[in-house]
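Colleague: upload-v4.cif is the file, holding mmCIF, C-alpha atoms:
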data_entry
#
loop_
_atom_site.label_atom_id
_atom_site.label_comp_id
_atom_site.auth_asym_id
_atom_site.auth_seq_id
_atom_site.Cartn_x
_atom_site.Cartn_y
_atom_site.Cartn_z
CA MET A 1 22.55 7.09 -31.85
CA PHE A 2 22.43 10.39 -29.93
CA ALA A 3 20.74 12.10 -32.90
CA ARG A 4 18.09 9.35 -33.02
CA ILE A 5 17.36 9.68 -29.28
CA LEU A 6 17.13 13.45 -29.62
CA TRP A 7 14.70 13.15 -32.56
CA VAL A 8 12.45 10.75 -30.61
CA PHE A 9 12.44 13.10 -27.61
CA LEU A 10 11.55 16.12 -29.72
CA PHE A 11 8.81 14.18 -31.51
CA ALA A 12 7.28 13.18 -28.17
CA LEU A 13 7.59 16.68 -26.79
CA PHE A 14 5.90 18.48 -29.66
CA ILE A 15 3.61 15.86 -31.13
CA SER A 16 2.45 13.50 -28.38
CA PRO A 17 -0.37 14.84 -26.15
CA ALA A 18 1.13 12.98 -23.20
CA PHE A 19 4.13 15.29 -23.36
CA ALA A 20 2.16 18.50 -23.94
CA VAL A 21 3.54 21.45 -22.02
CA ALA A 22 1.05 22.72 -19.44
CA LYS A 23 -0.11 26.29 -19.89
CA ASP A 24 0.37 28.79 -17.09
CA ARG A 25 -0.19 32.45 -16.29
CA SER A 26 1.98 34.56 -14.00
CA GLY A 27 1.72 38.06 -12.64
CA GLU A 28 1.31 40.37 -9.68
CA VAL A 29 -2.07 40.67 -7.98
CA GLU A 30 -2.85 43.74 -5.89
CA LEU A 31 -6.05 43.71 -3.82
CA SER A 32 -6.79 47.02 -2.07
CA VAL A 33 -9.60 47.36 0.48
CA THR A 34 -11.02 50.53 2.02
CA ILE A 35 -13.65 50.68 4.76
CA ALA A 36 -15.99 53.57 5.42
CA ALA A 37 -16.82 53.94 9.12
CA PRO A 38 -17.36 56.82 11.55
CA ASP A 39 -14.02 58.46 12.31
CA ASP A 40 -14.39 57.73 16.03
CA SER A 41 -15.06 53.98 15.60
CA LYS A 42 -12.80 51.76 17.71
CA ASP A 43 -14.06 48.41 16.44
CA VAL A 44 -13.45 48.00 12.70
CA ARG A 45 -12.36 44.58 11.38
CA VAL A 46 -11.74 43.05 7.97
CA TRP A 47 -11.03 39.54 6.65
CA ILE A 48 -9.52 38.99 3.18
CA PRO A 49 -9.14 35.54 1.54
CA TYR A 50 -5.46 34.59 1.59
CA PRO A 51 -4.36 32.25 -1.23
CA VAL A 52 -1.68 29.58 -0.77
CA SER A 53 0.55 27.51 -3.03
CA ASN A 54 -0.47 24.01 -4.08
CA ASN A 55 -0.10 21.71 -7.09
CA GLU A 56 -2.18 24.09 -9.22
CA GLN A 57 -0.77 27.48 -8.24
CA ASP A 58 2.27 29.19 -6.77
CA ILE A 59 1.83 32.17 -4.44
CA SER A 60 4.94 34.12 -3.41
CA ASN A 61 6.37 37.53 -2.49
CA VAL A 62 3.37 38.42 -0.31
CA ARG A 63 3.25 42.04 0.90
CA ILE A 64 0.76 43.64 3.29
CA SER A 65 0.42 47.37 3.85
CA GLY A 66 -2.10 49.73 5.40
CA ASN A 67 -2.90 51.92 8.39
CA PHE A 68 -4.44 49.17 10.55
CA THR A 69 -3.73 48.79 14.26
CA GLN A 70 -2.69 45.17 13.86
CA SER A 71 -2.99 42.29 11.39
CA GLY A 72 -2.25 38.60 11.00
CA VAL A 73 -2.95 35.53 8.85
CA TYR A 74 -5.25 32.97 10.47
CA GLY A 75 -6.53 29.54 9.47
CA GLU A 76 -10.11 28.36 9.82
CA LYS A 77 -10.21 24.95 11.51
CA GLU A 78 -12.90 23.11 9.54
CA THR A 79 -11.80 23.98 6.00
CA GLY A 80 -8.19 25.01 6.50
CA ASN A 81 -8.81 28.19 4.49
CA LEU A 82 -6.69 31.19 5.43
CA ALA A 83 -7.66 34.82 5.91
CA LEU A 84 -5.67 38.01 6.23
CA TYR A 85 -7.24 39.70 9.25
CA ALA A 86 -6.78 43.34 10.26
CA GLU A 87 -8.40 45.62 12.79
CA TRP A 88 -8.54 49.30 13.63
CA THR A 89 -8.99 49.98 17.37
CA THR A 90 -8.26 53.70 17.45
CA PRO A 91 -10.12 56.56 15.73
CA THR A 92 -8.94 56.90 12.12
CA LYS A 93 -10.20 58.98 9.23
CA ASP A 94 -9.55 56.52 6.38
CA ARG A 95 -9.08 52.77 6.90
CA ALA A 96 -7.18 50.93 4.18
CA ILE A 97 -5.29 47.67 3.66
CA THR A 98 -3.59 46.23 0.57
CA LEU A 99 -2.62 42.60 -0.07
CA THR A 100 -0.12 42.16 -2.91
CA PHE A 101 1.38 38.87 -4.12
CA ASP A 102 2.90 37.15 -7.12
CA ALA A 103 0.86 34.31 -8.57
CA THR A 104 1.43 31.58 -11.13
CA ALA A 105 -1.63 29.55 -12.11
CA ARG A 106 -1.43 26.35 -14.13
CA GLU A 107 -3.94 24.78 -16.45
CA LEU A 108 -5.31 21.61 -14.86
CA ILE A 109 -6.55 18.59 -16.82
CA LYS A 110 -7.74 15.55 -14.84
CA ARG A 111 -9.74 13.03 -16.83
CA ASP A 112 -7.77 9.75 -16.71
CA PHE A 113 -10.12 8.24 -14.15
CA PRO A 114 -9.39 4.77 -12.73
CA ALA A 115 -11.20 1.78 -14.22
CA VAL A 116 -12.09 0.59 -10.73
CA GLU A 117 -13.00 3.01 -7.94
CA PRO A 118 -12.28 2.01 -4.33
CA ALA A 119 -14.48 3.05 -1.41
CA ILE A 120 -14.76 6.75 -0.52
CA PRO A 121 -12.21 7.55 2.22
CA VAL A 122 -13.70 8.34 5.63
CA GLU A 123 -12.27 11.87 5.66
CA ILE A 124 -14.08 12.65 2.38
CA ASN A 125 -17.54 11.70 3.68
CA GLU A 126 -18.11 15.24 4.96
CA TYR A 127 -18.41 16.33 1.32
CA LEU A 128 -21.53 14.18 1.01
CA LYS A 129 -23.36 15.91 3.85
CA SER A 130 -26.50 17.98 3.49
CA THR A 131 -26.32 21.48 4.97
CA ALA A 132 -28.50 24.57 5.10
CA PHE A 133 -26.63 25.92 2.06
CA ILE A 134 -26.11 22.59 0.28
CA PRO A 135 -29.38 20.63 0.54
CA THR A 136 -29.54 17.04 -0.71
CA ASP A 137 -33.20 16.22 -0.13
CA GLY A 138 -36.52 17.10 -1.79
CA LYS A 139 -36.26 18.33 -5.37
CA VAL A 140 -32.47 18.04 -5.31
CA LYS A 141 -32.63 14.33 -4.42
CA GLU A 142 -35.29 13.75 -7.07
CA ILE A 143 -33.05 15.28 -9.74
CA ALA A 144 -30.00 13.36 -8.56
CA LEU A 145 -31.76 10.00 -8.76
CA SER A 146 -33.26 10.72 -12.16
CA VAL A 147 -29.99 11.69 -13.85
CA THR A 148 -27.71 9.06 -12.29
CA ASN A 149 -29.95 6.00 -11.90
CA SER A 150 -28.09 4.04 -14.59
CA LYS A 151 -24.60 5.10 -13.49
CA GLN A 152 -22.36 3.05 -11.21
CA LYS A 153 -19.02 4.86 -11.02
CA ILE A 154 -18.67 8.19 -9.22
CA SER A 155 -16.94 9.75 -12.22
CA GLU A 156 -19.89 8.73 -14.43
CA LYS A 157 -22.42 10.13 -11.96
CA ALA A 158 -20.48 13.39 -11.76
CA ARG A 159 -20.53 13.76 -15.54
CA ALA A 160 -24.28 13.13 -15.64
CA VAL A 161 -24.90 15.76 -12.95
CA TYR A 162 -22.62 18.22 -14.75
CA GLN A 163 -24.50 17.71 -18.00
CA TRP A 164 -27.87 18.17 -16.27
CA VAL A 165 -26.74 21.43 -14.66
CA ILE A 166 -25.56 22.82 -18.00
CA GLU A 167 -28.81 21.85 -19.71
CA ASN A 168 -31.06 23.17 -16.94
CA THR A 169 -29.49 26.47 -15.87
CA VAL A 170 -28.57 29.70 -17.61
CA ARG A 171 -26.28 32.55 -16.69
CA ASP A 172 -28.27 35.54 -15.45
CA PRO A 173 -26.18 38.70 -15.96
CA ASP A 174 -28.50 40.70 -13.69
CA VAL A 175 -27.56 38.70 -10.57
CA LYS A 176 -25.40 40.69 -8.16
CA GLY A 177 -21.77 39.63 -7.83
CA CYS A 178 -21.37 35.87 -8.12
CA GLY A 179 -24.79 35.17 -6.60
CA THR A 180 -25.80 33.78 -3.22
CA GLY A 181 -25.85 30.07 -4.05
CA GLU A 182 -29.39 29.41 -2.83
CA VAL A 183 -29.87 26.05 -4.50
CA GLU A 184 -33.65 25.63 -4.43
CA LYS A 185 -34.19 29.16 -5.74
CA VAL A 186 -31.67 28.68 -8.55
CA ILE A 187 -33.27 25.40 -9.60
CA ALA A 188 -36.72 27.02 -9.60
CA LYS A 189 -35.51 30.08 -11.50
CA LYS A 190 -33.11 28.06 -13.67
CA GLY A 191 -30.64 30.92 -13.63
CA GLY A 192 -27.86 32.60 -11.72
CA LYS A 193 -24.18 33.39 -11.65
CA CYS A 194 -21.19 31.18 -10.90
CA ALA A 195 -21.79 30.64 -7.16
CA ASP A 196 -25.41 29.75 -7.92
CA ILE A 197 -24.68 27.28 -10.71
CA SER A 198 -21.74 25.70 -8.87
CA SER A 199 -23.84 25.27 -5.72
CA VAL A 200 -26.50 23.43 -7.73
CA PHE A 201 -23.81 21.07 -9.06
CA VAL A 202 -22.47 20.43 -5.55
CA SER A 203 -25.93 19.78 -4.08
CA VAL A 204 -27.11 17.43 -6.82
CA ALA A 205 -23.73 15.65 -6.87
CA ARG A 206 -23.83 15.03 -3.12
CA ALA A 207 -27.42 13.79 -3.37
CA ALA A 208 -26.20 11.32 -6.01
CA GLY A 209 -23.42 10.04 -3.74
CA VAL A 210 -20.64 12.09 -5.36
CA PRO A 211 -18.44 14.00 -2.88
CA ALA A 212 -18.31 17.62 -4.02
CA ARG A 213 -17.40 21.13 -2.87
CA GLU A 214 -17.14 24.69 -4.17
CA VAL A 215 -13.92 26.48 -5.04
CA PHE A 216 -13.92 30.26 -4.53
CA GLY A 217 -11.34 32.07 -6.60
CA LEU A 218 -10.14 35.00 -8.62
CA ARG A 219 -9.44 35.27 -12.32
CA LEU A 220 -6.06 36.49 -13.54
CA GLY A 221 -6.00 39.03 -16.34
CA LYS A 222 -5.47 38.02 -19.94
CA LYS A 223 -4.03 41.45 -20.70
CA ASP A 224 -0.60 42.48 -19.40
CA ASP A 225 -2.14 45.18 -17.19
CA GLU A 226 -5.77 44.71 -16.23
CA ASP A 227 -8.38 45.73 -13.65
CA MET A 228 -9.72 42.45 -12.25
CA THR A 229 -12.07 43.95 -9.67
CA GLY A 230 -14.97 42.05 -11.24
CA GLY A 231 -12.92 38.87 -11.61
CA HIS A 232 -14.06 36.75 -8.67
CA HIS A 233 -15.25 33.33 -9.80
CA CYS A 234 -16.65 30.16 -8.24
CA TRP A 235 -16.42 26.66 -9.66
CA ALA A 236 -16.77 23.13 -8.26
CA GLU A 237 -14.77 19.99 -7.57
CA PHE A 238 -15.84 16.38 -7.13
CA TYR A 239 -13.86 13.53 -5.58
CA VAL A 240 -13.09 10.28 -7.38
CA PRO A 241 -11.80 7.57 -4.98
CA GLY A 242 -8.34 6.37 -5.90
CA TYR A 243 -7.80 9.48 -8.01
CA GLY A 244 -8.52 12.70 -6.11
CA TRP A 245 -10.32 16.00 -6.58
CA VAL A 246 -11.45 16.89 -10.10
CA PRO A 247 -12.63 20.35 -11.30
CA ALA A 248 -15.99 20.92 -12.97
CA ASP A 249 -17.06 24.37 -14.12
CA ALA A 250 -20.59 24.32 -15.52
CA ALA A 251 -20.84 28.05 -14.76
CA ASP A 252 -18.09 28.98 -17.22
CA VAL A 253 -19.80 26.86 -19.88
CA ARG A 254 -23.03 28.79 -19.39
CA LYS A 255 -21.13 32.09 -19.41
CA ALA A 256 -19.50 31.20 -22.74
CA MET A 257 -22.86 30.17 -24.14
CA LEU A 258 -24.31 33.57 -23.19
CA VAL A 259 -21.38 35.69 -24.36
CA ASP A 260 -20.71 33.79 -27.59
CA LYS A 261 -24.40 33.01 -28.26
CA LEU A 262 -23.82 29.24 -28.40
CA ASP A 263 -26.34 26.43 -28.21
CA LEU A 264 -25.48 23.12 -26.55
CA LYS A 265 -24.06 21.67 -29.74
CA GLY A 266 -21.93 24.75 -30.39
CA ALA A 267 -20.65 24.65 -26.81
CA GLN A 268 -19.66 20.98 -26.85
CA ASP A 269 -15.92 21.71 -26.84
CA LYS A 270 -16.33 23.87 -23.75
CA ILE A 271 -18.61 21.32 -22.10
CA ASP A 272 -15.93 18.67 -22.58
CA TYR A 273 -13.10 20.96 -21.50
CA TYR A 274 -14.57 22.21 -18.23
CA PHE A 275 -15.36 18.72 -16.97
CA GLY A 276 -12.01 17.76 -15.51
CA GLY A 277 -10.27 20.88 -16.75
CA VAL A 278 -9.73 24.49 -15.73
CA ASP A 279 -7.86 27.20 -17.58
CA PRO A 280 -4.66 28.84 -16.26
CA TYR A 281 -6.36 32.21 -15.74
CA ARG A 282 -7.55 31.62 -12.18
CA ILE A 283 -6.33 31.07 -8.66
CA ALA A 284 -8.20 29.46 -5.76
CA LEU A 285 -8.75 31.62 -2.68
CA ALA A 286 -10.77 29.14 -0.59
CA ARG A 287 -12.33 25.69 -0.86
CA GLY A 288 -15.57 24.46 0.69
CA GLY A 289 -17.19 26.19 3.61
CA ARG A 290 -20.73 27.57 3.61
CA GLY A 291 -22.35 29.17 6.64
CA TYR A 292 -18.82 30.19 7.40
CA TYR A 293 -17.26 31.32 10.70
CA LEU A 294 -13.98 33.08 10.15
CA ASN A 295 -10.93 33.17 12.40
CA PRO A 296 -10.93 35.36 14.44
CA ARG A 297 -14.67 34.75 14.65
CA GLN A 298 -16.93 37.45 13.26
CA ASN A 299 -19.79 38.82 15.37
CA ASP A 300 -22.64 39.20 12.87
CA GLY A 301 -23.50 35.55 12.26
CA PRO A 302 -22.16 32.96 9.78
CA LEU A 303 -20.92 34.08 6.38
CA ASN A 304 -22.57 32.51 3.31
CA TYR A 305 -19.20 31.93 1.63
CA PHE A 306 -15.72 33.46 1.77
CA MET A 307 -14.48 34.81 -1.54
CA TYR A 308 -14.89 38.57 -1.25
CA PRO A 309 -13.39 40.70 1.54
CA TYR A 310 -15.67 40.78 4.59
CA ALA A 311 -15.78 43.57 7.19
CA GLU A 312 -17.61 44.52 10.37
CA VAL A 313 -17.98 47.89 12.06
CA ASN A 314 -18.98 47.85 15.73
CA GLY A 315 -19.99 44.20 15.38
CA LYS A 316 -22.24 44.69 12.34
CA SER A 317 -21.32 43.39 8.88
CA LEU A 318 -20.99 45.65 5.88
CA GLU A 319 -22.53 44.61 2.57
CA TRP A 320 -19.99 42.14 1.15
CA LEU A 321 -21.44 40.56 -2.00
CA ALA A 322 -19.46 42.50 -4.60
CA ALA A 323 -19.40 45.26 -1.96
CA GLN A 324 -18.38 48.67 -3.34
CA THR A 325 -20.50 50.60 -0.82
CA ASP A 326 -19.03 51.08 2.68
CA LEU A 327 -16.71 48.16 1.98
CA LYS A 328 -14.83 48.78 -1.27
CA PHE A 329 -12.11 46.80 -2.98
CA LYS A 330 -10.05 46.97 -6.15
CA VAL A 331 -8.06 44.17 -7.80
CA LYS A 332 -5.24 44.89 -10.24
CA PHE A 333 -3.24 42.40 -12.29
CA LYS A 334 0.14 42.94 -13.96
CA ALA A 335 1.64 40.12 -16.01
CA HIS A 336 5.23 39.05 -15.42
#
Please express what this file holds, its structure, as structure tokens.
Modeller:
Amino acid sequence: MFARILWVFLFALFISPAFAVAKDRSGEVELSVTIAAPDDSKDVRVWIPYPVSNNEQDISNVRISGNFTQSGVYGEKETGNLALYAEWTTPTKDRAITLTFDATARELIKRDFPAVEPAIPVEINEYLKSTAFIPTDGKVKEIALSVTNSKQKISEKARAVYQWVIENTVRDPDVKGCGTGEVEKVIAKKGGKCADISSVFVSVARAAGVPAREVFGLRLGKKDDEDMTGGHHCWAEFYVPGYGWVPADAADVRKAMLVDKLDLKGAQDKIDYYFGGVDPYRIALARGGRGYYLNPRQNDGPLNYFMYPYAEVNGKSLEWLAAQTDLKFKVKFKAH
């Protein structure tokens, strides 16, 4: 009898998809930031996205080092995102800070949507709102109505929007960093990077009545020892009532299509995978939040989005989109 039970268990474990072992990726991430400022400056500040553990990732063994005057980890009230904040209030020749942590990311597959969707919870309604960075009127509304007019369920509308975004955008390798996520410009140009394409998805989804938000993250290396300085990545999530948040990464589909020279038919496996699925080679740094005020509050106006380190010298922001001028950063990954 024991042998029979053992055989059934092993069959389910290795054969049945329901018992498939989730993939994960673990390693050490080291993010080093240096800031160029006049040696006599007494007002130099930096904010670095600070990842946290959740159902999709484990963050542990966090270490912070540098020659800053003081530092701390602070939460932003509206989104709950955290930032490592540091400041230099005395003259210093070189200003540097390093955030190091261990990370385990898990593959996420969420496609078993409920047959009946209840009403959208009140606390989720904010992810339907139109903002300066996420418009839901004009051309965006027109697109949303045209692609979802025959759909009833939120999960069905989200899939229709996702498909439209893939078919009507391309990855533009000449865009700086991850892009600025200016939705109307991206729609008109039909091209951009991950923040651009994900922002289009979020805008059109919201206009169609689908709660949605961006996820700002960082890729983990596929090699055992890898420079991930260019590894920041943005994707999207939509909310299905009675089920929860679901990932959608049209931008990675378009990247694969560019790199592997795929047409829509050749990319179908990736199209299917990245709707409701994300690979284990990424961690989330922040969710939602555009036109962003950090904590402590920055002086030089709202921040478009918070994924890269952000710094100010004497109240003026340094170039932050992929930086590498007066604000420089390096990201290293070592597999466990």
Colleague: What's around Gly315 in chain A at 10 Å? Count all atoms listed in the file, leave out sequence neighbours fewer than 2 positions away in its own chain, and write the answer as a ChimeraX atom specification.
Modeller: /A:43-45,298-301,311-313,317-318
Colleague: Check which residues satisfy the PyMOL selection byres ((chain A and resi 186-197) around 6) in the file shown, then give them as a compact mmCIF listing (two decimals) with C-alpha atoms, in the coordinates of the input.
Modeller:
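Resulting contents of out.txt:
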# COMPACT_ATOMS: atom_id res chain seq x y z
CA THR A 169 -29.49 26.47 -15.87
CA VAL A 170 -28.57 29.70 -17.61
CA ARG A 171 -26.28 32.55 -16.69
CA ASP A 172 -28.27 35.54 -15.45
CA CYS A 178 -21.37 35.87 -8.12
CA GLY A 179 -24.79 35.17 -6.60
CA GLY A 181 -25.85 30.07 -4.05
CA VAL A 183 -29.87 26.05 -4.50
CA GLU A 184 -33.65 25.63 -4.43
CA LYS A 185 -34.19 29.16 -5.74
CA SER A 198 -21.74 25.70 -8.87
CA SER A 199 -23.84 25.27 -5.72
CA VAL A 200 -26.50 23.43 -7.73
CA CYS A 234 -16.65 30.16 -8.24
CA ALA A 251 -20.84 28.05 -14.76
Colleague: I need the residue nearest Ile154 in chain A from this list: A:Pro309, A:Gly291, A:Gly72, A:Pro211. Use only C-alpha atoms for the distance.
Modeller: A:Pro211
Colleague: Name the residues captured by the PyMOL selection byres ((chain A and resi 286) around 12) when it is applied to the shown file; answer as an mmCIF file with C-alpha atoms, in the coordinates of the input.
Modeller:
data_model
loop_
_atom_site.group_PDB
_atom_site.id
_atom_site.type_symbol
_atom_site.label_atom_id
_atom_site.label_comp_id
_atom_site.auth_asym_id
_atom_site.auth_seq_id
_atom_site.Cartn_x
_atom_site.Cartn_y
_atom_site.Cartn_z
ATOM 1 C CA ILE A 48 -9.520 38.990 3.180
ATOM 2 C CA PRO A 49 -9.140 35.540 1.540
ATOM 3 C CA TYR A 50 -5.460 34.590 1.590
ATOM 4 C CA PRO A 51 -4.360 32.250 -1.230
ATOM 5 C CA VAL A 52 -1.680 29.580 -0.770
ATOM 6 C CA SER A 53 0.550 27.510 -3.030
ATOM 7 C CA GLY A 75 -6.530 29.540 9.470
ATOM 8 C CA GLU A 76 -10.110 28.360 9.820
ATOM 9 C CA GLU A 78 -12.900 23.110 9.540
ATOM 10 C CA THR A 79 -11.800 23.980 6.000
ATOM 11 C CA GLY A 80 -8.190 25.010 6.500
ATOM 12 C CA ASN A 81 -8.810 28.190 4.490
ATOM 13 C CA LEU A 82 -6.690 31.190 5.430
ATOM 14 C CA ALA A 83 -7.660 34.820 5.910
ATOM 15 C CA ARG A 213 -17.400 21.130 -2.870
ATOM 16 C CA GLU A 214 -17.140 24.690 -4.170
ATOM 17 C CA VAL A 215 -13.920 26.480 -5.040
ATOM 18 C CA PHE A 216 -13.920 30.260 -4.530
ATOM 19 C CA GLY A 217 -11.340 32.070 -6.600
ATOM 20 C CA LEU A 218 -10.140 35.000 -8.620
ATOM 21 C CA HIS A 232 -14.060 36.750 -8.670
ATOM 22 C CA HIS A 233 -15.250 33.330 -9.800
ATOM 23 C CA CYS A 234 -16.650 30.160 -8.240
ATOM 24 C CA TRP A 235 -16.420 26.660 -9.660
ATOM 25 C CA ALA A 236 -16.770 23.130 -8.260
ATOM 26 C CA ILE A 283 -6.330 31.070 -8.660
ATOM 27 C CA ALA A 284 -8.200 29.460 -5.760
ATOM 28 C CA LEU A 285 -8.750 31.620 -2.680
ATOM 29 C CA ARG A 287 -12.330 25.690 -0.860
ATOM 30 C CA GLY A 288 -15.570 24.460 0.690
ATOM 31 C CA GLY A 289 -17.190 26.190 3.610
ATOM 32 C CA ARG A 290 -20.730 27.570 3.610
ATOM 33 C CA TYR A 292 -18.820 30.190 7.400
ATOM 34 C CA LEU A 294 -13.980 33.080 10.150
ATOM 35 C CA TYR A 305 -19.200 31.930 1.630
ATOM 36 C CA PHE A 306 -15.720 33.460 1.770
ATOM 37 C CA MET A 307 -14.480 34.810 -1.540
ATOM 38 C CA TYR A 308 -14.890 38.570 -1.250
#
Colleague: Taking 6 positions as the minimum chain separation for residues in the same chain, which residues sit within 9 Å of Lys110 in chain A when counting all atoms listed in the file? Answer as a PyMOL selection string.
Modeller: chain A and resi 245-247+275-277
Colleague: Could you list the residues chosen by the PyMOL selection byres ((chain A and resi 280-282) around 8) in this structure as a list of chain:residue names?
Modeller: A:Lys23, A:Asp24, A:Arg25, A:Ala105, A:Arg106, A:Glu107, A:Leu108, A:Gly217, A:Leu218, A:Arg219, A:Leu220, A:Gly221, A:Lys222, A:Val278, A:Asp279, A:Ile283, A:Ala284
Colleague: What does the distance from CA of Tyr162 in chain A to CA of Ala119 in chain A come to in Å, to one decimal?
Modeller: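 Atom-to-atom, CA of Tyr162 in chain A and CA of Ala119 in chain A are spaced 21.8 Å apart.
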Colleague: Go ahead and compute the interatomic distance for CA of Val259 in chain A and CA of Ser155 in chain A, in Å to one decimal.
Modeller: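 Computing the Euclidean distance for CA of Val259 in chain A and CA of Ser155 in chain A yields 29.0 Å.
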Colleague: Using only C-alpha atoms, find the one residue out of A:Asp249, A:Val331, A:Val240, A:Asp224 that sits nearest to Ile124 in chain A.
Modeller: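 With only C-alpha atoms as the atom set, the closest residue is A:Val240.
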Colleague: Determine, counting all atoms listed in the file, which protein, DNA and RNA residues have an atom within 8 Å of an atom of Ala36 in chain A; residues of the same chain fewer than 3 positions away are not included. Present the result as a VMD selection string.
Modeller: chain A and resid 94 to 95 326 to 327
Colleague: Could you name the residues that touch Glu28 in chain A at 9 Å or less, counting only C-alpha atoms, but leaving out those on the same chain fewer than 6 positions away, as a list in words?
Modeller: Thr100, Phe101, Asp102, Ala103, Thr104, Lys332, Phe333, Lys334, Ala335 and His336 of chain A
Colleague: List every protein, DNA or RNA residue with an atom no more than 12 Å from (-31.4, 10.9, -13.2) in the file's coordinates, counting all atoms listed in the file, and format the result as a PyMOL selection string.
Modeller: chain A and resi 139-151+156-165+204-205+207-208
Colleague: Just give me the gap between CA of Asp137 in chain A and CA of Asn168 in chain A in Å, one decimal is fine.
Modeller: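 Value for the CA of Asp137 in chain A-CA of Asn168 in chain A distance: 18.3 Å.
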Colleague: Given all atoms listed in the file as the basis, pick out the residue of A:Gly209, A:Glu237, A:Asp263, A:Leu84 nearest to Ser71 in chain A.
Modeller: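 The answer is A:Leu84, which sits nearest to Ser71 in chain A.
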Colleague: With distances taken over all atoms listed in the file, which of A:Tyr85, A:Gln70, A:Ala212, A:Pro173 is nearest to Gly244 in chain A?
Modeller: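 Once distances to Gly244 in chain A are computed over all atoms listed in the file, the minimum belongs to A:Ala212.
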Colleague: Pick out the closest residue to Phe113 in chain A from this set: A:Tyr239, A:Gln324, A:Phe133, A:Ala86. Count all atoms listed in the file.
Modeller: A:Tyr239
Colleague: Nearest to Gly66 in chain A: which of A:Trp320, A:Tyr243, A:Tyr273, A:Trp88 is it, counting all atoms listed in the file?
Modeller: A:Trp88
Colleague: Scan for residues within 6 Å of the point (-10.0, 57.1, 13.3) in the coordinates of the file, using only C-alpha atoms, and reply as an NGL selection string.
Modeller: :A and (39-40 or 90-93)
Colleague: Please output range 274-278 of chain A, rebuilt to include all heavy atoms, as a PDB file, in the frame of the given file.
Modeller:
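Heads up, here's the output in result_1.pdb:
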ATOM      1  N   TYR A 274     -14.390  21.808 -19.624  1.00  0.00           N
ATOM      2  CA  TYR A 274     -14.570  22.210 -18.230  1.00  0.00           C
ATOM      3  C   TYR A 274     -15.046  21.085 -17.321  1.00  0.00           C
ATOM      4  O   TYR A 274     -15.272  21.313 -16.132  1.00  0.00           O
ATOM      5  CB  TYR A 274     -15.495  23.423 -18.138  1.00  0.00           C
ATOM      6  CG  TYR A 274     -14.781  24.713 -18.510  1.00  0.00           C
ATOM      7  CD1 TYR A 274     -15.113  25.403 -19.664  1.00  0.00           C
ATOM      8  CD2 TYR A 274     -13.770  25.215 -17.707  1.00  0.00           C
ATOM      9  CE1 TYR A 274     -14.455  26.582 -20.006  1.00  0.00           C
ATOM     10  CE2 TYR A 274     -13.099  26.380 -18.039  1.00  0.00           C
ATOM     11  CZ  TYR A 274     -13.453  27.061 -19.192  1.00  0.00           C
ATOM     12  OH  TYR A 274     -12.786  28.221 -19.523  1.00  0.00           O
ATOM     13  N   PHE A 275     -15.178  19.884 -17.837  1.00  0.00           N
ATOM     14  CA  PHE A 275     -15.360  18.720 -16.970  1.00  0.00           C
ATOM     15  C   PHE A 275     -13.995  18.060 -16.839  1.00  0.00           C
ATOM     16  O   PHE A 275     -13.505  17.422 -17.763  1.00  0.00           O
ATOM     17  CB  PHE A 275     -16.369  17.737 -17.565  1.00  0.00           C
ATOM     18  CG  PHE A 275     -16.618  16.556 -16.662  1.00  0.00           C
ATOM     19  CD1 PHE A 275     -17.472  16.663 -15.579  1.00  0.00           C
ATOM     20  CD2 PHE A 275     -15.990  15.339 -16.891  1.00  0.00           C
ATOM     21  CE1 PHE A 275     -17.695  15.583 -14.734  1.00  0.00           C
ATOM     22  CE2 PHE A 275     -16.204  14.251 -16.061  1.00  0.00           C
ATOM     23  CZ  PHE A 275     -17.059  14.375 -14.974  1.00  0.00           C
ATOM     24  N   GLY A 276     -13.356  18.281 -15.717  1.00  0.00           N
ATOM     25  CA  GLY A 276     -12.010  17.760 -15.510  1.00  0.00           C
ATOM     26  C   GLY A 276     -10.917  18.708 -15.947  1.00  0.00           C
ATOM     27  O   GLY A 276      -9.733  18.343 -15.921  1.00  0.00           O
ATOM     28  N   GLY A 277     -11.277  19.922 -16.326  1.00  0.00           N
ATOM     29  CA  GLY A 277     -10.270  20.880 -16.750  1.00  0.00           C
ATOM     30  C   GLY A 277     -10.593  22.294 -16.308  1.00  0.00           C
ATOM     31  O   GLY A 277     -11.763  22.672 -16.243  1.00  0.00           O
ATOM     32  N   VAL A 278      -9.573  23.045 -15.965  1.00  0.00           N
ATOM     33  CA  VAL A 278      -9.730  24.490 -15.730  1.00  0.00           C
ATOM     34  C   VAL A 278      -8.569  25.211 -16.399  1.00  0.00           C
ATOM     35  O   VAL A 278      -7.460  24.689 -16.497  1.00  0.00           O
ATOM     36  CB  VAL A 278      -9.782  24.874 -14.233  1.00  0.00           C
ATOM     37  CG1 VAL A 278     -11.090  24.428 -13.606  1.00  0.00           C
ATOM     38  CG2 VAL A 278      -8.603  24.325 -13.466  1.00  0.00           C
TER      39      VAL A 278
END
